[in-house]
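Visitor: My structure file target-v6.txt, compact mmCIF, C-alpha atoms and all ligand atoms, is below:
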# COMPACT_ATOMS: atom_id res chain seq x y z
CA MET D 1381 -176.08 63.10 -204.03
CA LYS D 1382 -175.55 65.71 -206.67
CA THR D 1383 -172.88 66.56 -209.22
CA ASN D 1384 -173.50 69.88 -210.95
CA TYR D 1385 -171.40 71.33 -213.70
CA GLU D 1386 -171.09 74.32 -215.99
CA VAL D 1387 -169.08 74.60 -219.21
CA ARG D 1388 -167.10 77.73 -220.08
CA TYR D 1389 -165.69 78.26 -223.56
CA ALA D 1390 -162.45 80.09 -224.27
CA ALA D 1391 -162.49 83.73 -225.38
CA SER D 1392 -160.09 85.83 -227.43
CA PRO D 1393 -158.52 88.87 -225.74
CA GLN D 1394 -159.84 91.01 -228.61
CA ASP D 1395 -163.40 89.97 -227.71
CA VAL D 1396 -162.97 90.38 -223.97
CA LYS D 1397 -162.07 94.08 -224.42
CA SER D 1398 -165.74 94.77 -225.16
CA TYR D 1399 -167.27 92.78 -222.27
CA ASP D 1400 -169.34 94.60 -219.69
CA THR D 1401 -169.37 93.58 -216.01
CA THR D 1402 -172.07 90.91 -216.40
CA ARG D 1403 -170.45 89.28 -219.43
CA LEU D 1404 -167.00 89.32 -217.82
CA ARG D 1405 -168.39 87.61 -214.71
CA ASP D 1406 -170.43 85.09 -216.76
CA GLU D 1407 -167.30 83.99 -218.63
CA PHE D 1408 -164.63 84.03 -215.93
CA LEU D 1409 -166.12 84.07 -212.39
CA ILE D 1410 -166.85 80.74 -210.66
CA ASP D 1411 -169.46 81.34 -207.97
CA ASN D 1412 -170.96 77.89 -207.32
CA LEU D 1413 -168.29 76.52 -204.95
CA MET D 1414 -168.49 75.15 -201.39
CA SER D 1415 -172.21 74.41 -201.49
CA PRO D 1416 -173.11 71.79 -198.83
CA ASP D 1417 -173.86 68.22 -199.94
CA GLU D 1418 -172.98 68.92 -203.56
CA VAL D 1419 -170.12 68.37 -205.96
CA ASN D 1420 -169.92 71.48 -208.15
CA LEU D 1421 -167.63 71.65 -211.16
CA VAL D 1422 -166.77 74.17 -213.86
CA TYR D 1423 -165.26 72.73 -217.04
CA SER D 1424 -163.20 75.39 -218.82
CA HIS D 1425 -162.04 75.01 -222.40
CA TYR D 1426 -158.81 76.77 -221.40
CA ASP D 1427 -156.58 73.67 -221.20
CA ARG D 1428 -159.76 71.68 -220.31
CA PHE D 1429 -159.17 72.63 -216.70
CA ILE D 1430 -161.90 71.66 -214.21
CA SER D 1431 -162.31 73.61 -210.96
CA GLY D 1432 -164.75 72.51 -208.33
CA SER D 1433 -165.66 71.63 -204.79
CA ALA D 1434 -167.07 68.77 -202.75
CA VAL D 1435 -168.64 69.49 -199.36
CA PRO D 1436 -169.95 66.29 -197.75
CA VAL D 1437 -172.14 67.11 -194.74
CA LYS D 1438 -175.08 64.71 -194.36
CA GLU D 1439 -173.50 61.97 -196.48
CA ALA D 1440 -170.44 61.00 -198.47
CA LEU D 1441 -170.15 62.37 -202.02
CA THR D 1442 -168.81 60.53 -205.06
CA LEU D 1443 -166.98 62.24 -207.91
CA GLU D 1444 -169.03 61.35 -210.99
CA ALA D 1445 -168.00 61.47 -214.64
CA ILE D 1446 -169.77 64.52 -216.07
CA ASP D 1447 -171.09 64.42 -219.63
CA PRO D 1448 -168.41 66.68 -221.25
CA LEU D 1449 -165.79 64.03 -220.38
CA LYS D 1450 -167.55 61.27 -222.36
CA ALA D 1451 -165.75 58.90 -220.01
CA ASP D 1452 -166.86 55.89 -217.96
CA TYR D 1453 -165.37 57.43 -214.83
CA PHE D 1454 -164.00 60.85 -213.94
CA LEU D 1455 -160.29 59.97 -213.89
CA GLU D 1456 -160.29 57.76 -216.99
CA ARG D 1457 -158.12 60.33 -218.82
CA ARG D 1458 -157.52 62.89 -216.04
CA GLU D 1459 -155.52 63.68 -212.92
CA LEU D 1460 -156.93 65.43 -209.85
CA GLY D 1461 -155.65 67.70 -207.08
CA ILE D 1462 -157.62 68.15 -203.84
CA ILE D 1463 -156.94 70.67 -201.05
CA ASN D 1464 -159.08 70.62 -197.89
CA ILE D 1465 -159.78 74.11 -196.48
CA GLY D 1466 -162.39 72.95 -193.94
CA GLY D 1467 -162.68 70.47 -191.08
CA SER D 1468 -161.04 67.04 -191.14
CA GLY D 1469 -162.23 64.65 -193.80
CA THR D 1470 -161.36 61.61 -195.86
CA VAL D 1471 -160.95 60.95 -199.55
CA THR D 1472 -161.30 57.27 -200.47
CA VAL D 1473 -159.68 56.34 -203.77
CA ASP D 1474 -160.54 52.84 -205.01
CA GLY D 1475 -160.82 51.69 -201.40
CA THR D 1476 -157.71 53.40 -199.99
CA VAL D 1477 -158.62 55.97 -197.33
CA TYR D 1478 -156.61 59.22 -197.19
CA GLU D 1479 -157.20 61.43 -194.16
CA LEU D 1480 -157.04 65.10 -195.09
CA ASP D 1481 -156.98 67.65 -192.30
CA ASN D 1482 -157.30 71.38 -192.87
CA ARG D 1483 -154.76 72.55 -195.47
CA GLU D 1484 -153.68 69.06 -196.48
CA ALA D 1485 -153.75 67.95 -200.11
CA LEU D 1486 -154.05 64.81 -202.20
CA TYR D 1487 -152.88 64.11 -205.73
CA VAL D 1488 -154.95 61.43 -207.47
CA GLY D 1489 -153.57 59.94 -210.66
CA LYS D 1490 -155.23 58.90 -213.89
CA GLY D 1491 -157.06 55.57 -213.91
CA ASN D 1492 -158.57 55.54 -210.43
CA LYS D 1493 -162.22 54.59 -210.77
CA GLU D 1494 -163.83 55.76 -207.54
CA VAL D 1495 -163.21 58.91 -205.50
CA VAL D 1496 -165.42 59.39 -202.42
CA PHE D 1497 -165.40 62.46 -200.16
CA ALA D 1498 -166.50 62.38 -196.50
CA SER D 1499 -166.33 64.66 -193.46
CA LYS D 1500 -165.32 63.55 -189.96
CA SER D 1501 -167.99 65.78 -188.42
CA ALA D 1502 -171.12 67.32 -189.92
CA ASN D 1503 -170.68 70.27 -187.53
CA GLU D 1504 -167.35 71.13 -189.10
CA PRO D 1505 -167.47 69.64 -192.60
CA ALA D 1506 -164.48 69.23 -194.86
CA LEU D 1507 -164.36 71.75 -197.69
CA PHE D 1508 -162.58 70.05 -200.59
CA TYR D 1509 -161.37 72.32 -203.40
CA LEU D 1510 -160.72 70.39 -206.63
CA ASN D 1511 -158.67 71.00 -209.77
CA SER D 1512 -158.44 68.45 -212.60
CA THR D 1513 -156.66 68.37 -215.95
CA PRO D 1514 -156.25 65.88 -218.81
CA ALA D 1515 -153.48 63.34 -218.12
CA HIS D 1516 -151.44 61.11 -220.41
CA LYS D 1517 -149.88 58.88 -217.75
CA ALA D 1518 -150.93 57.24 -214.46
CA TYR D 1519 -148.80 58.62 -211.63
CA PRO D 1520 -149.20 57.30 -208.05
CA ASN D 1521 -151.59 58.95 -205.62
CA LYS D 1522 -149.83 61.02 -202.98
CA LYS D 1523 -150.94 62.87 -199.89
CA ILE D 1524 -149.18 66.20 -199.37
CA GLY D 1525 -149.17 67.32 -195.73
CA ILE D 1526 -148.19 70.74 -194.47
CA ASN D 1527 -144.58 69.55 -193.94
CA ASP D 1528 -144.26 68.30 -197.53
CA VAL D 1529 -144.93 71.63 -199.23
CA GLU D 1530 -142.28 74.04 -200.54
CA VAL D 1531 -142.62 77.36 -198.74
CA VAL D 1532 -141.63 80.73 -200.22
CA GLN D 1533 -141.89 84.11 -198.45
CA LEU D 1534 -142.74 86.91 -200.88
CA GLY D 1535 -143.34 90.67 -200.81
CA ALA D 1536 -142.98 93.13 -197.95
CA PRO D 1537 -145.27 95.01 -195.54
CA GLU D 1538 -144.15 98.34 -197.07
CA THR D 1539 -145.70 97.36 -200.42
CA ALA D 1540 -148.71 95.65 -198.76
CA ASN D 1541 -147.90 92.32 -200.43
CA ALA D 1542 -146.17 90.26 -197.69
CA ARG D 1543 -147.36 86.69 -198.20
CA THR D 1544 -146.45 83.04 -197.72
CA LEU D 1545 -146.66 80.89 -200.84
CA ARG D 1546 -146.93 77.12 -200.40
CA LYS D 1547 -146.36 74.81 -203.36
CA TYR D 1548 -148.38 71.62 -202.83
CA ILE D 1549 -148.72 69.94 -206.22
CA VAL D 1550 -145.62 70.83 -208.24
CA ASN D 1551 -143.31 68.35 -209.94
CA SER D 1552 -140.58 68.73 -207.32
CA VAL D 1553 -143.07 67.47 -204.67
CA VAL D 1554 -145.16 64.95 -206.63
CA ASP D 1555 -145.07 63.42 -210.11
CA VAL D 1556 -147.75 65.06 -212.26
CA CYS D 1557 -148.70 65.23 -215.94
CA GLN D 1558 -149.58 68.92 -216.07
CA LEU D 1559 -151.43 70.02 -212.92
CA GLN D 1560 -149.82 72.47 -210.49
CA MET D 1561 -151.50 73.70 -207.27
CA GLY D 1562 -150.54 75.75 -204.27
CA MET D 1563 -151.81 78.16 -201.65
CA THR D 1564 -150.81 81.75 -200.95
CA GLU D 1565 -151.65 83.40 -197.61
CA LEU D 1566 -151.52 87.19 -197.20
CA LYS D 1567 -150.08 88.50 -193.93
CA PRO D 1568 -152.30 90.83 -191.83
CA GLY D 1569 -152.05 94.34 -193.29
CA SER D 1570 -150.98 93.01 -196.69
CA VAL D 1571 -153.59 92.94 -199.45
CA TRP D 1572 -151.86 92.55 -202.85
CA ASN D 1573 -151.23 89.12 -204.33
CA THR D 1574 -149.03 88.46 -207.34
CA MET D 1575 -147.73 92.01 -207.59
CA PRO D 1576 -145.67 92.65 -209.72
CA ALA D 1577 -148.21 90.84 -211.88
CA HIS D 1578 -147.26 88.39 -214.61
CA VAL D 1579 -148.60 86.42 -217.54
CA HIS D 1580 -147.52 82.95 -218.66
CA ASP D 1581 -148.64 82.31 -222.20
CA ARG D 1582 -147.75 78.64 -221.76
CA ARG D 1583 -150.29 78.07 -218.99
CA MET D 1584 -153.75 79.09 -217.84
CA GLU D 1585 -154.53 79.54 -214.15
CA VAL D 1586 -157.47 79.61 -211.72
CA TYR D 1587 -157.44 81.52 -208.42
CA PHE D 1588 -159.83 80.43 -205.63
CA TYR D 1589 -160.17 83.08 -202.90
CA PHE D 1590 -161.10 81.99 -199.35
CA ASP D 1591 -160.67 83.07 -195.72
CA VAL D 1592 -161.94 86.49 -196.86
CA PRO D 1593 -163.36 88.00 -193.62
CA ALA D 1594 -167.08 88.84 -193.43
CA GLU D 1595 -167.96 92.18 -195.10
CA GLN D 1596 -164.63 92.24 -197.00
CA SER D 1597 -163.88 91.49 -200.68
CA VAL D 1598 -161.01 91.01 -203.09
CA CYS D 1599 -160.76 93.03 -206.29
CA HIS D 1600 -159.19 90.71 -208.88
CA PHE D 1601 -157.47 92.15 -211.94
CA MET D 1602 -157.42 90.32 -215.26
CA GLY D 1603 -156.85 91.09 -218.94
CA GLN D 1604 -153.83 91.80 -221.10
CA PRO D 1605 -151.31 93.87 -219.11
CA GLN D 1606 -152.14 97.08 -220.99
CA GLU D 1607 -155.90 96.37 -221.10
CA THR D 1608 -156.95 95.28 -217.60
CA ARG D 1609 -160.42 94.71 -216.18
CA HIS D 1610 -161.49 93.92 -212.64
CA ILE D 1611 -163.86 91.43 -211.01
CA TRP D 1612 -164.99 91.90 -207.40
CA MET D 1613 -164.67 88.53 -205.69
CA GLN D 1614 -166.45 87.30 -202.56
CA ASN D 1615 -165.30 84.58 -200.19
CA ASN D 1616 -165.14 81.08 -201.77
CA GLN D 1617 -165.25 82.32 -205.35
CA ALA D 1618 -162.77 81.45 -208.11
CA VAL D 1619 -161.77 83.16 -211.33
CA ILE D 1620 -160.41 81.74 -214.59
CA SER D 1621 -157.27 83.38 -215.98
CA PRO D 1622 -156.56 82.76 -219.68
CA ALA D 1623 -152.92 82.40 -220.70
CA TRP D 1624 -152.94 85.97 -222.09
CA SER D 1625 -154.23 87.51 -218.86
CA VAL D 1626 -152.64 88.94 -215.74
CA HIS D 1627 -154.06 87.55 -212.49
CA SER D 1628 -153.50 89.65 -209.42
CA GLY D 1629 -155.80 90.90 -206.69
CA SER D 1630 -156.03 93.45 -203.94
CA GLY D 1631 -158.27 92.84 -200.93
CA THR D 1632 -159.99 95.16 -198.51
CA SER D 1633 -158.26 92.94 -195.91
CA ASN D 1634 -155.85 90.03 -196.01
CA TYR D 1635 -157.12 86.64 -197.29
CA THR D 1636 -155.82 83.35 -198.70
CA PHE D 1637 -156.15 81.78 -202.14
CA ILE D 1638 -155.41 78.54 -203.96
CA TRP D 1639 -153.84 78.78 -207.40
CA GLY D 1640 -154.04 75.98 -209.94
CA MET D 1641 -152.41 75.84 -213.36
CA ALA D 1642 -152.11 73.68 -216.45
CA GLY D 1643 -150.63 73.93 -219.90
CA GLU D 1644 -147.41 73.61 -221.79
CA ASN D 1645 -144.79 73.01 -219.13
CA LEU D 1646 -144.19 72.17 -215.47
CA ASP D 1647 -141.83 75.05 -214.73
CA TYR D 1648 -143.47 77.03 -211.90
CA GLY D 1649 -141.09 79.94 -212.52
CA ASP D 1650 -141.94 80.31 -216.21
CA MET D 1651 -143.61 83.73 -215.91
CA ASP D 1652 -143.29 86.98 -217.83
CA HIS D 1653 -143.43 89.78 -215.26
CA CYS D 1654 -145.17 93.06 -216.03
CA LYS D 1655 -143.59 96.31 -214.95
CA ILE D 1656 -145.97 97.88 -212.39
CA THR D 1657 -145.66 101.35 -213.92
CA GLU D 1658 -146.59 100.00 -217.38
CA LEU D 1659 -149.92 98.38 -216.41
CA LYS D 1660 -152.99 99.99 -217.90
O1 LIG F 1 -148.08 81.47 -211.61
C1 LIG F 1 -148.08 81.51 -210.35
C2 LIG F 1 -149.24 82.02 -209.67
O2 LIG F 1 -149.80 83.13 -210.31
C3 LIG F 1 -149.19 82.21 -208.15
O3 LIG F 1 -148.44 81.19 -207.57
C4 LIG F 1 -148.67 83.56 -207.69
C5 LIG F 1 -148.98 83.82 -206.25
O4 LIG F 1 -149.58 83.04 -205.57
C6 LIG F 1 -148.51 85.11 -205.66
O5 LIG F 1 -147.53 85.68 -206.18
O6 LIG F 1 -149.12 85.58 -204.67
ZN ZN F 2 -149.52 82.96 -212.57
What would you get if you wrote out this structure as structure tokens?

Guide:
Amino acid sequence: MKTNYEVRYAASPQDVKSYDTTRLRDEFLIDNLMSPDEVNLVYSHYDRFISGSAVPVKEALTLEAIDPLKADYFLERRELGIINIGGSGTVTVDGTVYELDNREALYVGKGNKEVVFASKSANEPALFYLNSTPAHKAYPNKKIGINDVEVVQLGAPETANARTLRKYIVNSVVDVCQLQMGMTELKPGSVWNTMPAHVHDRRMEVYFYFDVPAEQSVCHFMGQPQETRHIWMQNNQAVISPAWSVHSGSGTSNYTFIWGMAGENLDYGDMDHCKITELK
């Protein structure tokens, strides 16, 4: 059993202007996810947001308190969102078993001492994607099935951005302190997510790209709207978006991604849109 973690500090947009490709990737790209029989976490100092994965294959995996938390157990002062993008699995929270099939989610509130991940079959393991944020209050655990999500259709084939957005962990679906999570699926032939792009200075965000077909990639754009940079993303990689940064990608095919946010408010729609023709 293994829990690995990395720490990422926060950077000023003035500094990031001078980053080369390697430095940009070292600071913002998360490339240790979905590794079998490991729990892998990245602790970002942007809103102390943790992104990670748990892939139990040979044995069950326990979510351990990592050193930066200085806590007796992981959820002592945190809440957790889990979305399964793999085969059927279970998450056991202080003895209560939640069955999570592909594309089902679980919210786990502050104060739960033990979180254990397991797969139904080693041949088709569960792939649990995790987001966690500091929490001030213990809200009840809640499973969010595919029928519980709020669905929004966005974009159009003509602009290559037709996509289905599913809100899983938002405060109209489940009580949360600050975490928000959802999944956006691009339609075949559509490649652009989040275009027109936006920033939300009240919240940071992490995008986790998956279901990227073999030999295809997603080019993710970040940076201040008039000072953008790009990061080429492979399947099962995530990218940290500071509050001052746009976060929008274009793939060489369609793909799906999970977005997770935390910060000042719980208003999903609190975004400042950037005019497409003014991006630089
Ligand atoms: O702040 C919200 C997030 O950036 C995403 O929900 C946007 C998104 O999934 C999309 O438009 O494709
Ligand atoms: Zn956003």

Visitor: Grab all the atoms of range 1523-1531 of chain D that the file lists, wrap them in a box along x, y and z, add 8 Å per side, and give me centre plus edge lengths in Å (one decimal) as JSON.

Guide:
{"center_x": -146.6, "center_y": 70.1, "center_z": -197.2, "size_x": 24.7, "size_y": 30.5, "size_z": 22.6}

Visitor: Find the residues around Ile1465 in chain D up to 6 Å (only C-alpha atoms counted), leave out those fewer than 4 positions away in its own chain, and share them as a list of chain:residue names.

Guide: D:Asn1482, D:Arg1483, D:Leu1507

Visitor: Take the residues from that selection and put them in a file with C-alpha atoms, as a PDB file, in the frame of the given file.

Guide:
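The new file part13.pdb reads:
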ATOM      1  CA  ASN D1482    -157.300  71.380-192.870  1.00  0.00           C
ATOM      2  CA  ARG D1483    -154.760  72.550-195.470  1.00  0.00           C
ATOM      3  CA  LEU D1507    -164.360  71.750-197.690  1.00  0.00           C
TER       4      LEU D1507
END

Visitor: Go through the chains and note each residue within 12 Å of ligand ZN 2 (chain F), using all atoms listed in the file, then give the set as an NGL selection string.

Guide: :D and (1560-1562 or 1564 or 1573-1587 or 1602 or 1620-1629 or 1638-1643 or 1647-1654)

Visitor: Given all atoms listed in the file as the basis, pick out the residue of D:Arg1405, D:Lys1397, D:Arg1388, D:Lys1500 nearest to Tyr1426 in chain D.

Guide: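 For Tyr1426 in chain D, the nearest of the given residues is D:Arg1388.
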
Visitor: I'd like the contact shell of range 1430-1447 of chain D - 6 Å cut-off, only C-alpha atoms, skipping same-chain residues fewer than 6 positions apart - returned as a list in words.

Guide: Leu1413, Met1414, Pro1416, Asp1417, Glu1418, Val1419, Asn1420, Leu1421, Val1422, Tyr1423, Tyr1453, Phe1454, Val1495, Val1496, Phe1497, Ala1498, Ser1499, Ala1502, Pro1505, Leu1507, Phe1508, Tyr1509, Leu1510, Asn1511 and Ser1512 of chain D

Visitor: Kindly indicate which residue among D:Val1550, D:Leu1545, D:Ala1536, D:Leu1455 lies nearest to Pro1568 in chain D, using all atoms listed in the file for the distances.

Guide: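 Nearest to Pro1568 in chain D: D:Ala1536.
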
Visitor: Compare D:Val1529, D:Cys1599, D:Val1396, D:Leu1449 by their minimum atom-to-atom distance to Asn1615 in chain D, counting all atoms listed in the file, and give me the closest one.

Guide: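 So, comparing all the options, the nearest one is D:Cys1599.
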
Visitor: Separation of CA of Tyr1389 in chain D and CA of Asp1555 in chain D, in Å?

Guide: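 Straight-line distance from CA of Tyr1389 in chain D to CA of Asp1555 in chain D works out to 28.7 Å.
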
Visitor: What's the separation between CA of Ala1506 in chain D and CA of Ser1468 in chain D, in Å to one decimal place?

Guide: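 CA of Ala1506 in chain D sits 5.5 Å away from CA of Ser1468 in chain D.
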
Visitor: Could you please determine the separation between CA of Glu1530 in chain D and CA of Pro1514 in chain D in Å, to one decimal place?

Guide: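 A separation of 24.4 Å between them.
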
Visitor: Give me the residues near Thr1636 in chain D as a short mmCIF file (atom, residue, chain, number, x, y, z; two decimals) with C-alpha atoms, keeping the file's coordinate frame, where near means some atom within 7 Å (using all atoms listed in the file) and where sequence neighbours in that chain fewer than 4 positions away do not count.

Guide:
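Saved to around13.cif:
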data_model
loop_
_atom_site.label_atom_id
_atom_site.label_comp_id
_atom_site.auth_asym_id
_atom_site.auth_seq_id
_atom_site.Cartn_x
_atom_site.Cartn_y
_atom_site.Cartn_z
CA THR D 1564 -150.81 81.75 -200.95
CA GLU D 1565 -151.65 83.40 -197.61
CA LEU D 1566 -151.52 87.19 -197.20
CA TYR D 1589 -160.17 83.08 -202.90
CA PHE D 1590 -161.10 81.99 -199.35
CA ASP D 1591 -160.67 83.07 -195.72
#

Visitor: Find the residue from D:Ile1524, D:Leu1559, D:Leu1659, D:Leu1534 that sits nearest to ligand LIG 1 (chain F); use only C-alpha atoms and all ligand atoms when measuring.

Guide: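 Among the listed residues, D:Leu1534 lies closest to ligand LIG 1 (chain F).
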
Visitor: Return the single residue from D:Cys1557, D:Val1619, D:Ala1542, D:Met1613 that is closest to ligand LIG 1 (chain F), with distances computed using only C-alpha atoms and all ligand atoms.

Guide: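 With only C-alpha atoms and all ligand atoms as the atom set, the closest residue is D:Ala1542.
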